[in-house]
file query_28.cif (mmCIF, C-alpha atoms (C1' of nucleotides))
data_work
#
loop_
_atom_site.label_atom_id
_atom_site.label_comp_id
_atom_site.auth_asym_id
_atom_site.auth_seq_id
_atom_site.Cartn_x
_atom_site.Cartn_y
_atom_site.Cartn_z
CA MET H 354 100.16 35.36 130.58
CA PRO H 355 103.95 35.61 130.47
CA ILE H 356 105.86 34.06 133.34
CA PRO H 357 107.01 36.85 135.68
CA MET H 358 110.78 36.59 135.36
CA PRO H 359 112.64 38.81 137.78
CA GLY H 360 114.47 41.39 135.70
CA GLU H 361 111.80 41.63 133.07
CA GLN H 362 108.70 43.75 132.82
CA VAL H 363 105.75 42.36 134.77
CA ARG H 364 102.25 43.33 135.81
CA GLY H 365 102.44 46.48 137.84
CA SER H 366 106.02 47.39 137.10
CA LYS H 367 108.13 48.25 134.11
CA THR H 368 111.31 48.25 136.15
CA GLY H 369 111.73 44.50 136.47
CA LYS H 370 112.40 44.66 140.18
CA PRO H 371 112.43 41.10 141.52
CA ILE H 372 109.86 41.91 144.21
CA MET H 373 107.42 42.99 141.53
CA ALA H 374 107.90 39.76 139.64
CA LEU H 375 107.32 37.88 142.87
CA LEU H 376 104.18 39.84 143.70
CA ASP H 377 102.90 39.20 140.20
CA LEU H 378 103.50 35.48 140.60
CA LEU H 379 101.95 35.24 144.06
CA GLY H 380 98.96 37.25 142.89
CA ARG H 381 98.00 34.54 140.45
CA THR H 382 95.22 32.19 141.37
CA TRP H 383 96.50 29.22 143.35
CA ALA H 384 100.21 30.04 143.13
CA LEU H 385 100.69 30.47 146.86
CA GLY H 386 98.16 27.73 147.55
CA ILE H 387 100.18 25.20 145.58
CA VAL H 388 103.35 26.11 147.44
CA TRP H 389 101.45 25.79 150.71
CA GLN H 390 100.06 22.38 149.81
CA LEU H 391 103.38 21.06 148.58
CA ASN H 392 104.96 21.91 151.88
CA GLN H 393 102.72 19.26 153.41
CA GLY H 394 104.73 16.80 151.34
CA SER H 395 105.37 15.92 147.73
CA ALA H 396 102.43 14.86 145.64
CA THR H 397 101.58 13.47 142.24
CA PHE H 398 99.72 15.67 139.82
CA ARG H 399 96.40 14.09 140.73
CA GLU H 400 97.03 14.13 144.44
CA LEU H 401 97.84 17.79 144.23
CA GLN H 402 94.65 18.35 142.29
CA GLN H 403 92.69 16.80 145.12
CA ARG H 404 94.42 18.80 147.82
CA CYS H 405 93.50 21.97 145.95
CA GLU H 406 89.85 21.01 145.91
CA GLN H 407 88.69 23.29 143.13
CA ILE H 408 91.62 23.66 140.77
CA SER H 409 91.23 22.60 137.16
CA PRO H 410 93.94 20.39 135.66
CA SER H 411 94.69 22.93 132.96
CA LEU H 412 95.34 25.69 135.44
CA LEU H 413 97.24 23.42 137.78
CA ASN H 414 99.52 22.50 134.93
CA THR H 415 99.97 26.13 133.92
CA ARG H 416 100.95 27.13 137.46
CA LEU H 417 103.26 24.17 137.85
CA LYS H 418 105.05 25.12 134.65
CA GLU H 419 105.56 28.64 135.96
CA LEU H 420 106.75 27.39 139.32
CA LYS H 421 109.15 25.00 137.65
CA VAL H 422 110.65 27.67 135.40
CA LEU H 423 111.02 29.92 138.41
CA GLN H 424 112.70 27.06 140.26
CA LEU H 425 110.32 26.86 143.18
CA VAL H 426 108.95 23.44 142.32
CA GLU H 427 110.40 20.38 140.64
CA LEU H 428 109.01 17.11 139.35
CA THR H 429 110.78 14.05 140.71
CA PRO H 430 110.05 10.33 140.37
CA SER H 431 108.08 10.57 143.62
CA GLY H 432 106.00 13.48 142.44
CA TYR H 433 106.02 17.24 142.56
CA GLN H 434 107.88 18.84 145.41
CA LEU H 435 109.33 22.15 146.54
CA THR H 436 112.89 22.91 145.57
CA GLN H 437 115.31 24.27 148.14
CA THR H 438 114.39 27.73 146.89
CA GLY H 439 110.72 26.84 147.18
CA HIS H 440 111.23 25.83 150.79
CA GLY H 441 112.96 29.14 151.36
CA LEU H 442 109.91 30.96 150.10
CA PHE H 443 107.64 28.85 152.21
CA SER H 444 109.62 29.47 155.35
CA ILE H 445 109.01 33.18 154.90
CA VAL H 446 105.28 32.92 154.41
CA SER H 447 104.68 30.11 156.88
CA PRO H 448 103.94 32.47 159.81
CA LEU H 449 100.79 33.38 157.89
CA GLY H 450 99.28 30.17 159.25
CA GLU H 451 99.28 31.37 162.83
CA TRP H 452 98.70 34.96 161.93
CA SER H 453 95.52 34.10 160.08
CA LEU H 454 94.06 32.70 163.30
CA LEU H 455 94.56 35.94 165.17
CA TRP H 456 93.18 37.82 162.22
CA ALA H 457 90.07 35.64 162.04
CA ASN H 458 89.57 36.13 165.74
CA GLN H 459 89.77 39.86 165.49
CA ILE H 460 87.26 40.08 162.68
CA LYS H 461 84.88 38.00 164.75
CA LYS H 462 85.29 40.26 167.75
CA ASP H 463 84.47 43.38 165.82
CA LYS H 464 81.24 41.87 164.60
CA VAL H 465 79.96 41.79 168.19
CA MET M 1065 83.65 37.06 143.76
CA PRO M 1066 82.65 36.76 147.43
CA ILE M 1067 85.00 38.28 149.96
CA PRO M 1068 87.01 35.47 151.58
CA MET M 1069 85.85 35.70 155.18
CA PRO M 1070 87.75 33.45 157.53
CA GLY M 1071 85.29 30.90 158.82
CA GLU M 1072 83.37 30.68 155.60
CA GLN M 1073 83.81 28.59 152.50
CA VAL M 1074 86.38 30.01 150.10
CA ARG M 1075 88.17 29.07 146.92
CA GLY M 1076 90.07 25.88 147.53
CA SER M 1077 88.53 24.95 150.84
CA LYS M 1078 85.14 24.09 152.23
CA THR M 1079 86.42 24.05 155.78
CA GLY M 1080 86.65 27.79 156.30
CA LYS M 1081 90.13 27.60 157.78
CA PRO M 1082 91.46 31.14 158.15
CA ILE M 1083 94.64 30.34 156.25
CA MET M 1084 92.59 29.29 153.25
CA ALA M 1085 90.65 32.55 153.32
CA LEU M 1086 93.94 34.40 153.51
CA LEU M 1087 95.45 32.45 150.62
CA ASP M 1088 92.33 33.13 148.59
CA LEU M 1089 92.61 36.84 149.29
CA LEU M 1090 96.33 37.07 148.57
CA GLY M 1091 95.87 35.06 145.39
CA ARG M 1092 93.72 37.80 143.90
CA THR M 1093 95.26 40.17 141.41
CA TRP M 1094 96.91 43.12 143.13
CA ALA M 1095 95.85 42.28 146.70
CA LEU M 1096 99.37 41.83 147.99
CA GLY M 1097 100.63 44.58 145.72
CA ILE M 1098 98.26 47.09 147.27
CA VAL M 1099 99.36 46.17 150.76
CA TRP M 1100 102.97 46.47 149.63
CA GLN M 1101 102.42 49.91 148.11
CA LEU M 1102 100.47 51.21 151.08
CA ASN M 1103 103.32 50.33 153.35
CA GLN M 1104 105.33 52.98 151.54
CA GLY M 1105 102.89 55.43 153.07
CA SER M 1106 99.23 56.34 152.88
CA ALA M 1107 97.86 57.43 149.53
CA THR M 1108 94.74 58.83 147.95
CA PHE M 1109 92.78 56.67 145.57
CA ARG M 1110 94.42 58.26 142.55
CA GLU M 1111 97.90 58.19 144.01
CA LEU M 1112 97.49 54.53 144.72
CA GLN M 1113 96.32 53.99 141.18
CA GLN M 1114 99.53 55.55 139.92
CA ARG M 1115 101.76 53.53 142.19
CA CYS M 1116 100.14 50.38 140.87
CA GLU M 1117 100.94 51.33 137.30
CA GLN M 1118 98.46 49.10 135.55
CA ILE M 1119 95.49 48.70 137.85
CA SER M 1120 92.06 49.81 136.67
CA PRO M 1121 89.98 52.00 138.99
CA SER M 1122 87.18 49.47 139.10
CA LEU M 1123 89.45 46.70 140.27
CA LEU M 1124 91.30 48.95 142.66
CA ASN M 1125 88.03 49.85 144.26
CA THR M 1126 86.92 46.23 144.44
CA ARG M 1127 90.15 45.23 146.19
CA LEU M 1128 90.01 48.17 148.56
CA LYS M 1129 86.49 47.21 149.56
CA GLU M 1130 87.65 43.69 150.32
CA LEU M 1131 90.66 44.91 152.25
CA LYS M 1132 88.48 47.30 154.24
CA VAL M 1133 85.95 44.63 155.17
CA LEU M 1134 88.80 42.36 156.18
CA GLN M 1135 90.24 45.19 158.25
CA LEU M 1136 93.61 45.39 156.60
CA VAL M 1137 93.12 48.83 155.08
CA GLU M 1138 91.17 51.90 156.14
CA LEU M 1139 90.24 55.17 154.51
CA THR M 1140 91.18 58.24 156.57
CA PRO M 1141 91.04 61.95 155.80
CA SER M 1142 94.65 61.70 154.63
CA GLY M 1143 93.96 58.80 152.30
CA TYR M 1144 94.05 55.03 152.32
CA GLN M 1145 96.40 53.41 154.77
CA LEU M 1146 97.15 50.09 156.41
CA THR M 1147 95.40 49.32 159.67
CA GLN M 1148 97.35 47.92 162.57
CA THR M 1149 96.32 44.47 161.39
CA GLY M 1150 97.44 45.37 157.89
CA HIS M 1151 100.84 46.37 159.19
CA GLY M 1152 100.98 43.05 160.98
CA LEU M 1153 100.43 41.25 157.72
CA PHE M 1154 103.02 43.36 155.98
CA SER M 1155 105.62 42.71 158.62
CA ILE M 1156 105.30 39.00 157.89
CA VAL M 1157 105.65 39.29 154.14
CA SER M 1158 108.21 42.08 154.14
CA PRO M 1159 111.22 39.71 154.06
CA LEU M 1160 110.06 38.83 150.55
CA GLY M 1161 111.74 42.01 149.40
CA GLU M 1162 115.22 40.81 150.20
CA TRP M 1163 114.45 37.21 149.40
CA SER M 1164 113.37 38.12 145.88
CA LEU M 1165 116.84 39.49 145.20
CA LEU M 1166 118.52 36.22 146.09
CA TRP M 1167 115.94 34.38 144.07
CA ALA M 1168 116.50 36.59 141.03
CA ASN M 1169 120.22 36.08 141.36
CA GLN M 1170 119.91 32.33 141.48
CA ILE M 1171 117.73 32.15 138.41
CA LYS M 1172 120.28 34.22 136.54
CA LYS M 1173 123.12 31.94 137.60
CA ASP M 1174 121.37 28.84 136.39
CA LYS M 1175 120.93 30.34 132.96
CA VAL M 1176 124.72 30.39 132.53
"C1'" DC Q 801 78.66 83.62 141.72
"C1'" DG Q 802 80.68 80.95 137.92
"C1'" DA Q 803 84.56 78.45 136.19
"C1'" DT Q 804 88.07 75.16 136.92
"C1'" DA Q 805 90.16 71.41 139.07
"C1'" DA Q 806 90.77 67.48 141.89
"C1'" DC Q 807 88.68 63.99 144.53
"C1'" DG Q 808 86.56 59.07 145.17
"C1'" DC Q 809 84.35 56.22 142.52
"C1'" DT Q 810 80.91 53.98 138.89
"C1'" DA Q 811 79.44 52.12 134.23
"C1'" DC Q 812 80.24 49.42 130.67
"C1'" DA Q 813 82.32 47.13 126.67
"C1'" DG Q 814 86.18 44.38 125.36
"C1'" DT Q 815 89.69 41.09 126.58
"C1'" DA Q 816 92.14 37.75 129.33
"C1'" DT Q 817 92.09 34.30 132.77
"C1'" DT Q 818 90.01 30.41 135.19
"C1'" DA Q 819 86.55 26.52 135.81
"C1'" DG Q 820 84.70 22.33 134.26
"C1'" DT Q 821 84.57 18.27 131.67
"C1'" DA Q 822 86.09 14.78 128.60
"C1'" DG Q 823 89.61 12.13 127.15
"C1'" DC Q 824 94.47 11.15 124.98
"C1'" DG Q 825 98.94 8.63 125.02
"C1'" DA Q 826 102.02 6.26 128.03
"C1'" DT Q 827 103.24 2.97 131.59
"C1'" DA Q 828 102.22 -0.57 135.03
"C1'" DT Q 829 99.46 -4.42 136.88
"C1'" DT Q 830 96.52 -8.58 136.53
"C1'" DA V 1024 94.42 -8.44 126.48
"C1'" DA V 1025 91.95 -5.90 129.69
"C1'" DT V 1026 92.03 -2.66 133.33
"C1'" DA V 1027 93.90 1.06 135.96
"C1'" DT V 1028 96.53 4.90 136.89
"C1'" DC V 1029 99.54 8.35 135.53
"C1'" DG V 1030 100.69 13.31 133.67
"C1'" DC V 1031 98.63 16.22 130.96
"C1'" DT V 1032 95.91 18.45 126.78
"C1'" DA V 1033 91.77 20.36 124.35
"C1'" DC V 1034 87.92 22.76 124.37
"C1'" DT V 1035 83.87 25.65 125.88
"C1'" DA V 1036 81.50 28.30 129.32
"C1'" DA V 1037 81.87 31.27 133.07
"C1'" DT V 1038 84.19 34.81 135.48
"C1'" DA V 1039 87.68 38.34 136.47
"C1'" DC V 1040 90.28 42.18 134.87
"C1'" DT V 1041 91.46 46.21 131.75
"C1'" DG V 1042 90.67 50.55 129.68
"C1'" DT V 1043 88.14 54.51 128.94
"C1'" DA V 1044 84.79 57.89 129.80
"C1'" DG V 1045 82.60 60.47 132.96
"C1'" DC V 1046 79.35 61.25 137.21
"C1'" DG V 1047 78.53 63.64 141.62
"C1'" DT V 1048 80.90 66.06 145.24
"C1'" DT V 1049 83.94 69.31 147.38
"C1'" DA V 1050 87.56 72.83 147.23
"C1'" DT V 1051 89.94 76.88 145.11
"C1'" DC V 1052 90.20 81.05 142.75
"C1'" DG V 1053 88.90 85.16 140.19
#
call {"tool": "encode", "arguments": {"input": "query_28.cif", "output": "structure tokens"}}
result
Amino acid sequence: MPIPMPGEQVRGSKTGKPIMALLDLLGRTWALGIVWQLNQGSATFRELQQRCEQISPSLLNTRLKELKVLQLVELTPSGYQLTQTGHGLFSIVSPLGEWSLLWANQIKKDKV
Amino acid sequence: MPIPMPGEQVRGSKTGKPIMALLDLLGRTWALGIVWQLNQGSATFRELQQRCEQISPSLLNTRLKELKVLQLVELTPSGYQLTQTGHGLFSIVSPLGEWSLLWANQIKKDKV
DNA sequence: CGATAACGCTACAGTATTAGTAGCGATATT
DNA sequence: AATATCGCTACTAATACTGTAGCGTTATCG
């Protein structure tokens, strides 16, 4: 699967609009999950594997390559960590943490 | 693939934390894209299929079922549309539109 | 009424992506 | 020299997604 570079053709769009590249990226298994986990702090490859309970090393490596090329993640002597850009992305999606609680609560309610 | 209900075990987490269910959902092909497209206005099944250039009807229907159960999307006489909860989710992720432009710009710069 | 068209959606085969497991080559520690 | 950990690769099996055809239903029109 080609890395969704903004400006190039991606899944769901021939226009190359950056938002479409981003949606393609985030729609890949574990992409957002890795960003979320890395915000908890930098981690070695194997640590990260453990945080993402069910991810296979091959896929983890594939995603990390994509995230590195797209400059959201970098590998430093102390392990993988979010870049400044990566933190920027996280700060946008971070409200999802609280929101998901309200959402869960509402689904529960409607079951009653 | 089981629908990621908050409270139940999902990909990447045995704890059932709502955020993990949400990350599982959003990590599925087209899930976020559908929400994004529906925010442009409600659409019939076939309209939605066209907006999402490359989605197959079987997958579109699978995702819509999930989004309906999770109360983010509903089918009305005038077509599929976001629920109030769905709009809530969109309002969180909507800054990604502008952010993706900065991101695209930065990646370009670094190529030089 | 009969023909045509559009709707939401299903069926199914083919292809692409992900999971799961074993282990390599490199570096560090004992 | 033996052991341990690291990042990561290789490979197969399982699963998810695409692409195409078309079903059953409802609406429109002559």
call {"tool": "atom_distance", "arguments": {"input": "query_28.cif", "atom1": "CA of Asp1174 (chain M)", "atom2": "CA of Gly1091 (chain M)"}}
result
27.7 Å
call {"tool": "closest_atom_pairs", "arguments": {"input": "query_28.cif", "of": "chain V", "to": "chain H", "cutoff": "10 Å", "atoms": "all atoms listed in the file", "output": "tab-separated table"}}
result
residue	atom	partner	partner_atom	distance
V:DT1028	C1'	H:Arg399	CA	10.0
V:DC1029	C1'	H:Arg399	CA	8.4
V:DG1030	C1'	H:Phe398	CA	6.7
V:DC1031	C1'	H:Asn414	CA	7.5
V:DT1032	C1'	H:Ser411	CA	7.7
V:DA1033	C1'	H:Ser411	CA	9.4
call {"tool": "resolve_selection", "arguments": {"input": "query_28.cif", "expression": "the PyMOL selection byres ((chain Q) within 12 of (chain M))", "output": "ChimeraX atom specification"}}
result
/Q:806-812,817-819
call {"tool": "residues_around", "arguments": {"input": "query_28.cif", "residues": "region 365-372 of chain H", "least_positions_apart": "5", "cutoff": "7 Å", "atoms": "all atoms listed in the file", "output": "PyMOL selection string"}}
result
(chain H and resi 359-360) or (chain M and resi 1116-1118+1161+1164-1165+1168)
call {"tool": "resolve_selection", "arguments": {"input": "query_28.cif", "expression": "the PyMOL selection byres ((chain H and resi 378) around 12)", "output": "NGL selection string"}}
result
(:H and (354-359 or 363-365 or 371-377 or 379-388 or 416-417 or 419-420 or 422-423 or 425)) or (:M and (1090-1097 or 1164))
call {"tool": "closest_residue", "arguments": {"input": "query_28.cif", "among": "M:Lys1132, M:Ile1119, M:Tyr1144, M:Phe1154", "to": "chain H", "atoms": "all atoms listed in the file"}}
result
M:Ile1119
call {"tool": "atom_distance", "arguments": {"input": "query_28.cif", "atom1": "CA of Thr1149 (chain M)", "atom2": "CA of Ser444 (chain H)"}}
result
20.9 Å
call {"tool": "residues_near_point", "arguments": {"input": "query_28.cif", "point": "(98.1, 38.5, 161.0)", "cutoff": "8 Å", "atoms": "only C-alpha atoms (C1' of nucleotides)", "output": "PyMOL selection string"}}
result
(chain H and resi 449+451-456) or (chain M and resi 1149-1150+1152-1153+1156)
call {"tool": "resolve_selection", "arguments": {"input": "query_28.cif", "expression": "the PyMOL selection byres ((chain Q and resi 801-804) around 12)", "output": "PDB file with C-alpha atoms (C1' of nucleotides), keeping the file's coordinate frame"}}
result
ATOM      1  C1'  DA Q 805      90.160  71.410 139.070  1.00  0.00           C
ATOM      2  C1'  DA Q 806      90.770  67.480 141.890  1.00  0.00           C
TER       3       DA Q 806
ATOM      4  C1'  DA V1050      87.560  72.830 147.230  1.00  0.00           C
ATOM      5  C1'  DT V1051      89.940  76.880 145.110  1.00  0.00           C
ATOM      6  C1'  DC V1052      90.200  81.050 142.750  1.00  0.00           C
ATOM      7  C1'  DG V1053      88.900  85.160 140.190  1.00  0.00           C
TER       8       DG V1053
END
call {"tool": "atom_distance", "arguments": {"input": "query_28.cif", "atom1": "C1' of DT827 (chain Q)", "atom2": "CA of Leu412 (chain H)"}}
result
24.4 Å
call {"tool": "closest_residue", "arguments": {"input": "query_28.cif", "among": "H:Val426, H:Val446, H:Lys462, H:Thr436", "to": "chain M", "atoms": "only C-alpha atoms"}}
result
H:Val446
call {"tool": "closest_residue", "arguments": {"input": "query_28.cif", "among": "M:Ser1142, M:Ser1106, M:Thr1126, M:Gln1135", "to": "chain H", "atoms": "all atoms listed in the file"}}
result
M:Gln1135
call {"tool": "closest_residue", "arguments": {"input": "query_28.cif", "among": "H:Gln434, H:Asn458, H:Ser447, H:Thr429", "to": "Leu391 (chain H)", "atoms": "all atoms listed in the file"}}
result
H:Gln434
call {"tool": "closest_residue", "arguments": {"input": "query_28.cif", "among": "H:Lys418, H:Lys461, H:Glu400, H:Gly432", "to": "chain M", "atoms": "all atoms listed in the file"}}
result
H:Lys461
call {"tool": "residues_around", "arguments": {"input": "query_28.cif", "residues": "DT829 (chain Q)", "least_positions_apart": "3", "cutoff": "12 Å", "atoms": "all atoms listed in the file", "output": "JSON, numbers by chain"}}
result
{"V": [1025, 1026, 1027, 1028]}
call {"tool": "axis_aligned_box", "arguments": {"input": "query_28.cif", "around": "region 1028-1041 of chain V", "padding_each_side": "6 Å", "output": "lines of an AutoDock Vina configuration file"}}
result
center_x = 91.1
center_y = 25.6
center_z = 130.6
size_x = 31.2
size_y = 53.3
size_z = 24.5
